[in-house]
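First the structure, in the form of structure tokens, and then the observations on it.
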Amino acid sequence: MPLRRYNSLILGLLFITDHTWLYNFYSLPALRYLMAQPLTSERDVETVGSKGVIKRSEYVRIITGALYSLDYNMTADLLQEESRIPLDSPELKLLKKQVLDGNWEESVKTLCTISLLDKATRSLASFLILEQKLLKFLRMENNVLDALNVLRKEIVPLGINLNRVHELAAWIISPSGYRNTDQDAKSANSDILKKLLKLLPPSLAIPPTRLESIVEEVLDLQRGACLFHNVFDRDLSLYLDHQCGRGRLPSSIKQILQVHTDEVWFLQFSHNGKYLASSSKDKSAIIWQVMNGGKVSWKHTLIGHQKPVLTVSWSPDDSQLLTCGEDEVIRRWDANLGQCLHVYEKTAVGFISCAWSPDGRVILAGMTDKSFSLWNVNGAELDCWGENTLRLSETTITHAGDMIAGIFRGNTIVFLDWEDKRCRKLIREEEVITSFSLSKDNKFLLVNLTNQEIHLWNLEGYPRIVARYKGHTRSRFIIRSCFGGCEEAFIASGSEDSQVYVWHRRSGKPIQALDGHSGAVNCVSWNPVNIYMLASASDDGAIRIWGPDPRMDQYGLGFESSRWR
């Protein structure tokens with residue numbers, strides 16, 4: 001209750017106590033009336049909100065439109081009645097009714113009475129309505145002449161959309177051709193009204209989803225400003241301003257996996273996030289299973305290589321795994337059974353990298369003679385070419401399957417056309433490139449350099465560096481980094497100082513350095529499904545699984561239960 005009304009009511013009650021002659025003035029019906037009447041100054045305030053920047057009329061109209069879009073029509077009608085702020089002007093309300101009724105002649109006349117329209121908008125809106133008027137005549141028998149008059153006398157003088165004018169003229173010449181098509185003939189008038197309203201200025205016809213657009217934009221801004229944002233959209237709430245804490249990032253050691261007997265050089269989560277594969281200097285690879293609740297357990301140890309295993313690569317459906325021995329062979333394994341399905345080898349040449357095509361039918365291999373080759377899964381070599389690469393070359397195939405990417409001449413990454421092997425995109429750094437990785441959408445490239453920097457390249461259009469990440473150390477070994485977290489909003493990297501580093505992808509700001517390993521951290525992998533799980537591989541022979549620290553869970557999300565999966 002407003003303070004002024006409240007004070008008046010109390011004053012009246014006090015007088016009633018001591019002066020019974022005032023009773024009739026402050027009788028119960030009178031008091032009810034006093035409480036129910038709005039103060040003029042409150043009802044007529046032009047703005048709402050503490051900053052005075054929200055116009056009351058616009059605010060109410062947008063809410064009314066949202067209510068109608070939610071089919072709360074009675075509530076929307078009541079809001080207009082009580083606020084005395086109509087959603088639509090009388091002219092627009094009439095225009096809507098005429099369009100829904102298919103009264104195109106009167107619709108054009110009403111459109112001309114709306115003063116807020118500029119010439120261009122009025123012409124576009126008139127064209128849309130007159131087009132329906134013409135088509136209505138064409139749907140009738142013996143009304144071709146009326147349709148021709150609409151075209152010649154009303155549509156053509158507008159001087160717009162000549163291609164559509166020619167189509168309408170063709171239908172007039174052969175109306176049967178139009179009647180036999182579903183195009184426009186069965187279009188509901190409500191669809192025409194939607195198209196018409198989109199042409200009108202927002203101040204006249206407020207978009208029905210305007211409130212949703214405003215709220216979504218606010219959430220996007222809050223999400224973008226949140227340095228630690230790592231939560232799915234379904235978990236966002238309108239009840240509070242969105243802000244994540246460090247507790248939503250993997251920062252605590254959940255498990256230490258110690259099955260390898262020597263340095264662990266590489267690891268990678270499967271696409272479905274249910275498995276983790278690792279490779280080691282001990283000449284083995286291991287498949288780990290991610291259980292419900294986030295626990296990682298040993299599944300298979302893959303034995304067969306005669307030299308250290310450099311890398312692994314999951315097939316697109318996660319049913320198979322490639323392992324690449326150092327200067328040796330590539331083996332293809334059944335991930336479920338742990339059995340070797342095929343060995344790829346070439347006389348006098350060893351392999352140093354491997355990757356799958358998106359359809360799982362072709363294998364890309366980098367070789368010690370500085371060449372690349374394509375193999376089908378059955379072991380037949382399909383193609384081979386040399387590009388003067390370095391021995392540390394990495395290779396991958398874009399998710400669309402149209403390009404092959406690899407390190408060439410030390411400081412350059414080239415994207416080659418899948419068919420003719422011609423260069424389609426070039427990334428050139430000033431320093432030597434040690435490793436790289438593509439984002440899920442293939443729009444960004446993460447490049448590790450010998451100068452202890454990681455560069456983020458935007459590959460759309462002309463490639464350019466959009467962020468740089470510093471802080472980790474690298475002097476002798478190949479250190480790998482990865483994208484991760486919700487919408488890949490973070491960058492994680494290993495480091496020779498035994499730590500795992502995490503940066504905010506967009507801003508480049510360092511977020512945390514994770515201690516735990518006792519040797520150089522060679523590789524990291526962020527679970528693509530469980531955004532709270534990060535794995536790291538080290539020269540100490542261990543794999544560490546990182547998850548949220550429950551002590552930092554300020555929002556009571558309970559990562560130890562259902563969310564830590």
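Scheme for the structure tokens: letters A, B, ... for chains in order shown; per-chain residue numbers from 1; ligand numbers from 1 in order shown.
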
Report task. Per DSSP on the backbone, filter segment 450-491 of chain A down to the residues in strand (DSSP E) and report them as a list in words. Result ->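 Everything in segment 450-491 of chain A that counts as strand (DSSP E) is Glu453, Ile454, His455, Leu456, Trp457, Asn458, Arg464, Ile465, Val466, Ala467, Arg468, Tyr469, Lys470, Ser481, Cys482, Phe483, Gly484, Phe490 and Ile491 of chain A.
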
For the selection you just gave me, I'd like the residues written to a file as a PDB file, in the first residue's frame, keeping N, CA and C atoms.
```pdb
ATOM      1  N   GLU A 453      53.810 -20.033 -26.040  1.00  0.00           N
ATOM      2  CA  GLU A 453      52.537 -19.367 -26.253  1.00  0.00           C
ATOM      3  C   GLU A 453      51.582 -20.321 -26.951  1.00  0.00           C
ATOM      4  N   ILE A 454      50.292 -20.085 -26.723  1.00  0.00           N
ATOM      5  CA  ILE A 454      49.236 -20.806 -27.436  1.00  0.00           C
ATOM      6  C   ILE A 454      48.390 -19.748 -28.136  1.00  0.00           C
ATOM      7  N   HIS A 455      48.180 -19.903 -29.428  1.00  0.00           N
ATOM      8  CA  HIS A 455      47.402 -18.933 -30.197  1.00  0.00           C
ATOM      9  C   HIS A 455      46.074 -19.542 -30.627  1.00  0.00           C
ATOM     10  N   LEU A 456      45.028 -18.720 -30.539  1.00  0.00           N
ATOM     11  CA  LEU A 456      43.700 -19.131 -31.012  1.00  0.00           C
ATOM     12  C   LEU A 456      43.423 -18.411 -32.325  1.00  0.00           C
ATOM     13  N   TRP A 457      43.213 -19.181 -33.382  1.00  0.00           N
ATOM     14  CA  TRP A 457      42.952 -18.635 -34.713  1.00  0.00           C
ATOM     15  C   TRP A 457      41.472 -18.778 -35.061  1.00  0.00           C
ATOM     16  N   ASN A 458      40.905 -17.721 -35.594  1.00  0.00           N
ATOM     17  CA  ASN A 458      39.565 -17.782 -36.170  1.00  0.00           C
ATOM     18  C   ASN A 458      39.725 -18.152 -37.630  1.00  0.00           C
ATOM     19  N   ARG A 464      42.815 -15.382 -38.730  1.00  0.00           N
ATOM     20  CA  ARG A 464      43.447 -14.353 -37.907  1.00  0.00           C
ATOM     21  C   ARG A 464      43.519 -14.825 -36.465  1.00  0.00           C
ATOM     22  N   ILE A 465      44.524 -14.326 -35.742  1.00  0.00           N
ATOM     23  CA  ILE A 465      44.673 -14.660 -34.325  1.00  0.00           C
ATOM     24  C   ILE A 465      43.705 -13.803 -33.514  1.00  0.00           C
ATOM     25  N   VAL A 466      42.924 -14.439 -32.653  1.00  0.00           N
ATOM     26  CA  VAL A 466      41.939 -13.704 -31.852  1.00  0.00           C
ATOM     27  C   VAL A 466      42.249 -13.758 -30.358  1.00  0.00           C
ATOM     28  N   ALA A 467      43.166 -14.632 -29.938  1.00  0.00           N
ATOM     29  CA  ALA A 467      43.532 -14.687 -28.514  1.00  0.00           C
ATOM     30  C   ALA A 467      44.892 -15.362 -28.371  1.00  0.00           C
ATOM     31  N   ARG A 468      45.603 -14.978 -27.296  1.00  0.00           N
ATOM     32  CA  ARG A 468      46.892 -15.578 -26.973  1.00  0.00           C
ATOM     33  C   ARG A 468      46.882 -16.002 -25.510  1.00  0.00           C
ATOM     34  N   TYR A 469      47.445 -17.157 -25.232  1.00  0.00           N
ATOM     35  CA  TYR A 469      47.458 -17.695 -23.876  1.00  0.00           C
ATOM     36  C   TYR A 469      48.914 -17.938 -23.458  1.00  0.00           C
ATOM     37  N   LYS A 470      49.249 -17.414 -22.276  1.00  0.00           N
ATOM     38  CA  LYS A 470      50.616 -17.511 -21.768  1.00  0.00           C
ATOM     39  C   LYS A 470      50.597 -17.948 -20.308  1.00  0.00           C
ATOM     40  N   SER A 481      47.384 -28.900 -25.942  1.00  0.00           N
ATOM     41  CA  SER A 481      46.297 -28.157 -25.294  1.00  0.00           C
ATOM     42  C   SER A 481      44.967 -28.599 -25.897  1.00  0.00           C
ATOM     43  N   CYS A 482      43.872 -28.115 -25.352  1.00  0.00           N
ATOM     44  CA  CYS A 482      42.565 -28.525 -25.842  1.00  0.00           C
ATOM     45  C   CYS A 482      41.508 -27.469 -25.518  1.00  0.00           C
ATOM     46  N   PHE A 483      40.401 -27.525 -26.258  1.00  0.00           N
ATOM     47  CA  PHE A 483      39.210 -26.768 -25.930  1.00  0.00           C
ATOM     48  C   PHE A 483      38.425 -27.559 -24.891  1.00  0.00           C
ATOM     49  N   GLY A 484      37.567 -26.870 -24.111  1.00  0.00           N
ATOM     50  CA  GLY A 484      36.758 -27.622 -23.161  1.00  0.00           C
ATOM     51  C   GLY A 484      35.756 -26.775 -22.429  1.00  0.00           C
ATOM     52  N   PHE A 490      36.639 -22.674 -22.527  1.00  0.00           N
ATOM     53  CA  PHE A 490      37.930 -22.651 -21.838  1.00  0.00           C
ATOM     54  C   PHE A 490      39.010 -23.314 -22.684  1.00  0.00           C
ATOM     55  N   ILE A 491      40.246 -22.957 -22.369  1.00  0.00           N
ATOM     56  CA  ILE A 491      41.416 -23.573 -22.983  1.00  0.00           C
ATOM     57  C   ILE A 491      42.238 -24.187 -21.856  1.00  0.00           C
TER      58      ILE A 491
END
```

Requested in this report: Might you pull out every residue within 6 Å of segment 396-403 of chain A, with only C-alpha atoms counted and same-chain residues fewer than 2 positions away left off, and present them as a list in words?
Outcome: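 After dropping sequence-adjacent residues, the list is Ala355, Pro358, Ala405, Phe415, Leu416, Asp417 and Trp418 of chain A.
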
Report task. Name the residues in contact with Thr261 of chain A at a cut-off of 9 Å, using only C-alpha atoms, excluding same-chain residues fewer than 5 positions from it; report them as JSON, numbers by chain. Result -> {"A": [280, 281, 282, 541, 542]}

Let me see the file: selected residues, N, CA and C atoms, as a short mmCIF file (atom, residue, chain, number, x, y, z; two decimals), in the first residue's frame.
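Result file is selection38.cif:
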```
data_model
loop_
_atom_site.label_atom_id
_atom_site.label_comp_id
_atom_site.auth_asym_id
_atom_site.auth_seq_id
_atom_site.Cartn_x
_atom_site.Cartn_y
_atom_site.Cartn_z
N SER A 280 51.39 -44.47 -24.13
CA SER A 280 52.53 -44.31 -23.24
C SER A 280 53.85 -44.74 -23.88
N LYS A 281 54.89 -44.27 -23.25
CA LYS A 281 56.25 -44.69 -23.61
C LYS A 281 56.46 -46.17 -23.31
N ASP A 282 55.57 -46.77 -22.50
CA ASP A 282 55.71 -48.18 -22.14
C ASP A 282 55.24 -49.13 -23.25
N GLY A 541 54.00 -40.87 -15.20
CA GLY A 541 53.37 -42.16 -15.45
C GLY A 541 51.92 -42.24 -15.02
N ALA A 542 51.36 -41.14 -14.54
CA ALA A 542 49.99 -41.15 -14.02
C ALA A 542 49.07 -40.30 -14.90
#
```

Query - Counting only C-alpha atoms, the residue of A:Phe228, A:Leu87, A:Ser279, A:Phe372 that sits nearest Ser507 of chain A - result: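 Between A:Phe228, A:Leu87, A:Ser279, A:Phe372, the residue approaching Ser507 of chain A most closely is A:Phe228.
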
**Report entry** Residue with smallest distance to Ile256 of chain A - pool A:Val343, A:Ile352, A:Ala380, A:Val296, counting only C-alpha atoms
**Finding:**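 Ranked by minimum distance to Ile256 of chain A, first place goes to A:Val296.
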
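The two atoms in question, atom CA of Asp383 of chain A and atom CA of Thr434 of chain A, are spaced 25.5 Å apart.
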
Report summary line: Taken to one decimal, the atom CA of Ile303 of chain A-atom CA of Leu341 of chain A distance is 12.6 Å

Report task. Write down as a ChimeraX atom specification the residues belonging to segment 74-246 of chain A that are assigned alpha helix (DSSP H) by DSSP computed on the backbone. Result -> /A:74-83,90-100,104-112,119-139,144-150,162-173,175-179,189-199,210-225

Please save C-alpha atoms of the selected residues as a tab-separated table (two decimals), in the first residue's frame.
```tsv
chain	number	residue	atom	x	y	z
A	74	MET	CA	-7.85	-12.98	-21.10
A	75	THR	CA	-5.01	-11.79	-18.90
A	76	ALA	CA	-3.63	-9.69	-21.76
A	77	ASP	CA	-7.06	-8.11	-22.28
A	78	LEU	CA	-7.34	-7.30	-18.59
A	79	LEU	CA	-3.88	-5.75	-18.54
A	80	GLN	CA	-4.79	-3.42	-21.39
A	81	GLU	CA	-8.04	-2.48	-19.69
A	82	GLU	CA	-6.50	-1.80	-16.29
A	83	SER	CA	-3.39	-0.02	-17.57
A	90	PRO	CA	-7.18	1.27	-33.50
A	91	GLU	CA	-5.92	1.33	-37.09
A	92	LEU	CA	-3.60	-1.63	-36.58
A	93	LYS	CA	-6.28	-3.57	-34.74
A	94	LEU	CA	-8.66	-3.02	-37.65
A	95	LEU	CA	-5.96	-3.98	-40.17
A	96	LYS	CA	-5.31	-7.25	-38.34
A	97	LYS	CA	-9.00	-8.17	-38.43
A	98	GLN	CA	-9.33	-7.35	-42.12
A	99	VAL	CA	-6.27	-9.43	-43.04
A	100	LEU	CA	-7.48	-12.41	-41.02
A	104	TRP	CA	-7.84	-7.30	-48.94
A	105	GLU	CA	-9.61	-4.30	-50.47
A	106	GLU	CA	-10.33	-2.74	-47.07
A	107	SER	CA	-6.91	-3.77	-45.77
A	108	VAL	CA	-5.21	-1.55	-48.33
A	109	LYS	CA	-7.43	1.38	-47.38
A	110	THR	CA	-6.71	0.92	-43.66
A	111	LEU	CA	-2.99	0.66	-44.35
A	112	CYS	CA	-3.10	4.10	-45.94
A	119	LYS	CA	7.00	5.34	-48.16
A	120	ALA	CA	9.16	2.23	-48.56
A	121	THR	CA	7.40	0.30	-45.79
A	122	ARG	CA	3.98	1.29	-47.05
A	123	SER	CA	4.87	0.08	-50.54
A	124	LEU	CA	6.14	-3.28	-49.30
A	125	ALA	CA	3.09	-3.82	-47.10
A	126	SER	CA	0.73	-2.76	-49.91
A	127	PHE	CA	2.45	-5.17	-52.31
A	128	LEU	CA	1.91	-8.06	-49.90
A	129	ILE	CA	-1.77	-7.28	-49.46
A	130	LEU	CA	-2.44	-6.56	-53.14
A	131	GLU	CA	-0.73	-9.80	-54.07
A	132	GLN	CA	-3.28	-11.66	-51.96
A	133	LYS	CA	-6.06	-9.67	-53.57
A	134	LEU	CA	-4.84	-10.73	-57.01
A	135	LEU	CA	-4.42	-14.35	-56.00
A	136	LYS	CA	-7.93	-14.37	-54.58
A	137	PHE	CA	-9.28	-13.43	-58.02
A	138	LEU	CA	-7.16	-16.12	-59.67
A	139	ARG	CA	-8.63	-18.77	-57.39
A	144	VAL	CA	-8.79	-13.15	-64.68
A	145	LEU	CA	-9.68	-9.63	-65.85
A	146	ASP	CA	-10.06	-8.44	-62.25
A	147	ALA	CA	-6.68	-9.96	-61.41
A	148	LEU	CA	-5.13	-8.19	-64.41
A	149	ASN	CA	-6.55	-4.85	-63.28
A	150	VAL	CA	-5.05	-5.32	-59.80
A	162	LEU	CA	9.70	-6.89	-60.41
A	163	ASN	CA	10.58	-10.59	-60.37
A	164	ARG	CA	7.45	-11.33	-58.37
A	165	VAL	CA	5.43	-9.10	-60.70
A	166	HIS	CA	6.56	-11.24	-63.62
A	167	GLU	CA	5.53	-14.41	-61.77
A	168	LEU	CA	2.09	-12.97	-61.09
A	169	ALA	CA	1.75	-11.96	-64.73
A	170	ALA	CA	2.60	-15.51	-65.80
A	171	TRP	CA	-0.11	-16.88	-63.54
A	172	ILE	CA	-2.63	-14.45	-65.02
A	173	ILE	CA	-1.75	-15.72	-68.49
A	175	PRO	CA	-4.31	-19.29	-64.17
A	176	SER	CA	-4.75	-23.05	-64.30
A	177	GLY	CA	-1.05	-23.42	-63.61
A	178	TYR	CA	-1.45	-21.44	-60.42
A	179	ARG	CA	-4.60	-23.28	-59.32
A	189	ASN	CA	-4.36	-15.55	-43.67
A	190	SER	CA	-2.64	-15.72	-40.30
A	191	ASP	CA	0.65	-16.45	-42.08
A	192	ILE	CA	0.10	-13.42	-44.30
A	193	LEU	CA	-0.54	-11.34	-41.21
A	194	LYS	CA	2.74	-12.50	-39.66
A	195	LYS	CA	4.61	-11.48	-42.79
A	196	LEU	CA	2.82	-8.12	-42.81
A	197	LEU	CA	3.59	-7.37	-39.16
A	198	LYS	CA	7.28	-8.06	-39.74
A	199	LEU	CA	7.30	-5.23	-42.29
A	210	ARG	CA	10.14	-9.23	-27.98
A	211	LEU	CA	10.17	-10.02	-24.24
A	212	GLU	CA	11.87	-13.35	-24.85
A	213	SER	CA	14.49	-11.64	-27.02
A	214	ILE	CA	15.26	-9.10	-24.29
A	215	VAL	CA	15.59	-11.78	-21.61
A	216	GLU	CA	17.77	-13.98	-23.81
A	217	GLU	CA	20.04	-11.05	-24.61
A	218	VAL	CA	20.43	-10.27	-20.91
A	219	LEU	CA	21.31	-13.90	-20.20
A	220	ASP	CA	23.85	-13.87	-23.04
A	221	LEU	CA	25.48	-10.74	-21.63
A	222	GLN	CA	25.62	-12.20	-18.12
A	223	ARG	CA	26.99	-15.46	-19.46
A	224	GLY	CA	29.63	-13.66	-21.51
A	225	ALA	CA	30.71	-11.56	-18.52
```

Report task. Enter the distance from atom CA of Gln289 of chain A to atom CA of Leu534 of chain A, in Å, rounded to one decimal. Result ->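 Distance between the two atoms: 14.1 Å.
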
Requested in this report: Do a neighbour search on Gln306 of chain A at 8 Å with only C-alpha atoms, toss out local chain neighbours closer than 6 positions, and write the hits as a PyMOL selection string.
Outcome: chain A and resi 283+325+328

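Residue neighbourhood of Val349 of chain A, excluding near-sequence residues (fewer than 6 positions): Glu326, Asp327, Glu328, Val329, Ile330, Ala365, Gly366, Met367, Thr368, Asp369, Lys370, Ser371, Phe372 and Ser373 of chain A, at 12 Å, using only C-alpha atoms.
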
**Report entry** Contacts of segment 497-499 of chain A at 9 Å (only C-alpha atoms; same-chain gap of 6+ positions) as a PyMOL selection string
**Finding:** chain A and resi 472-474+513-522+538-539
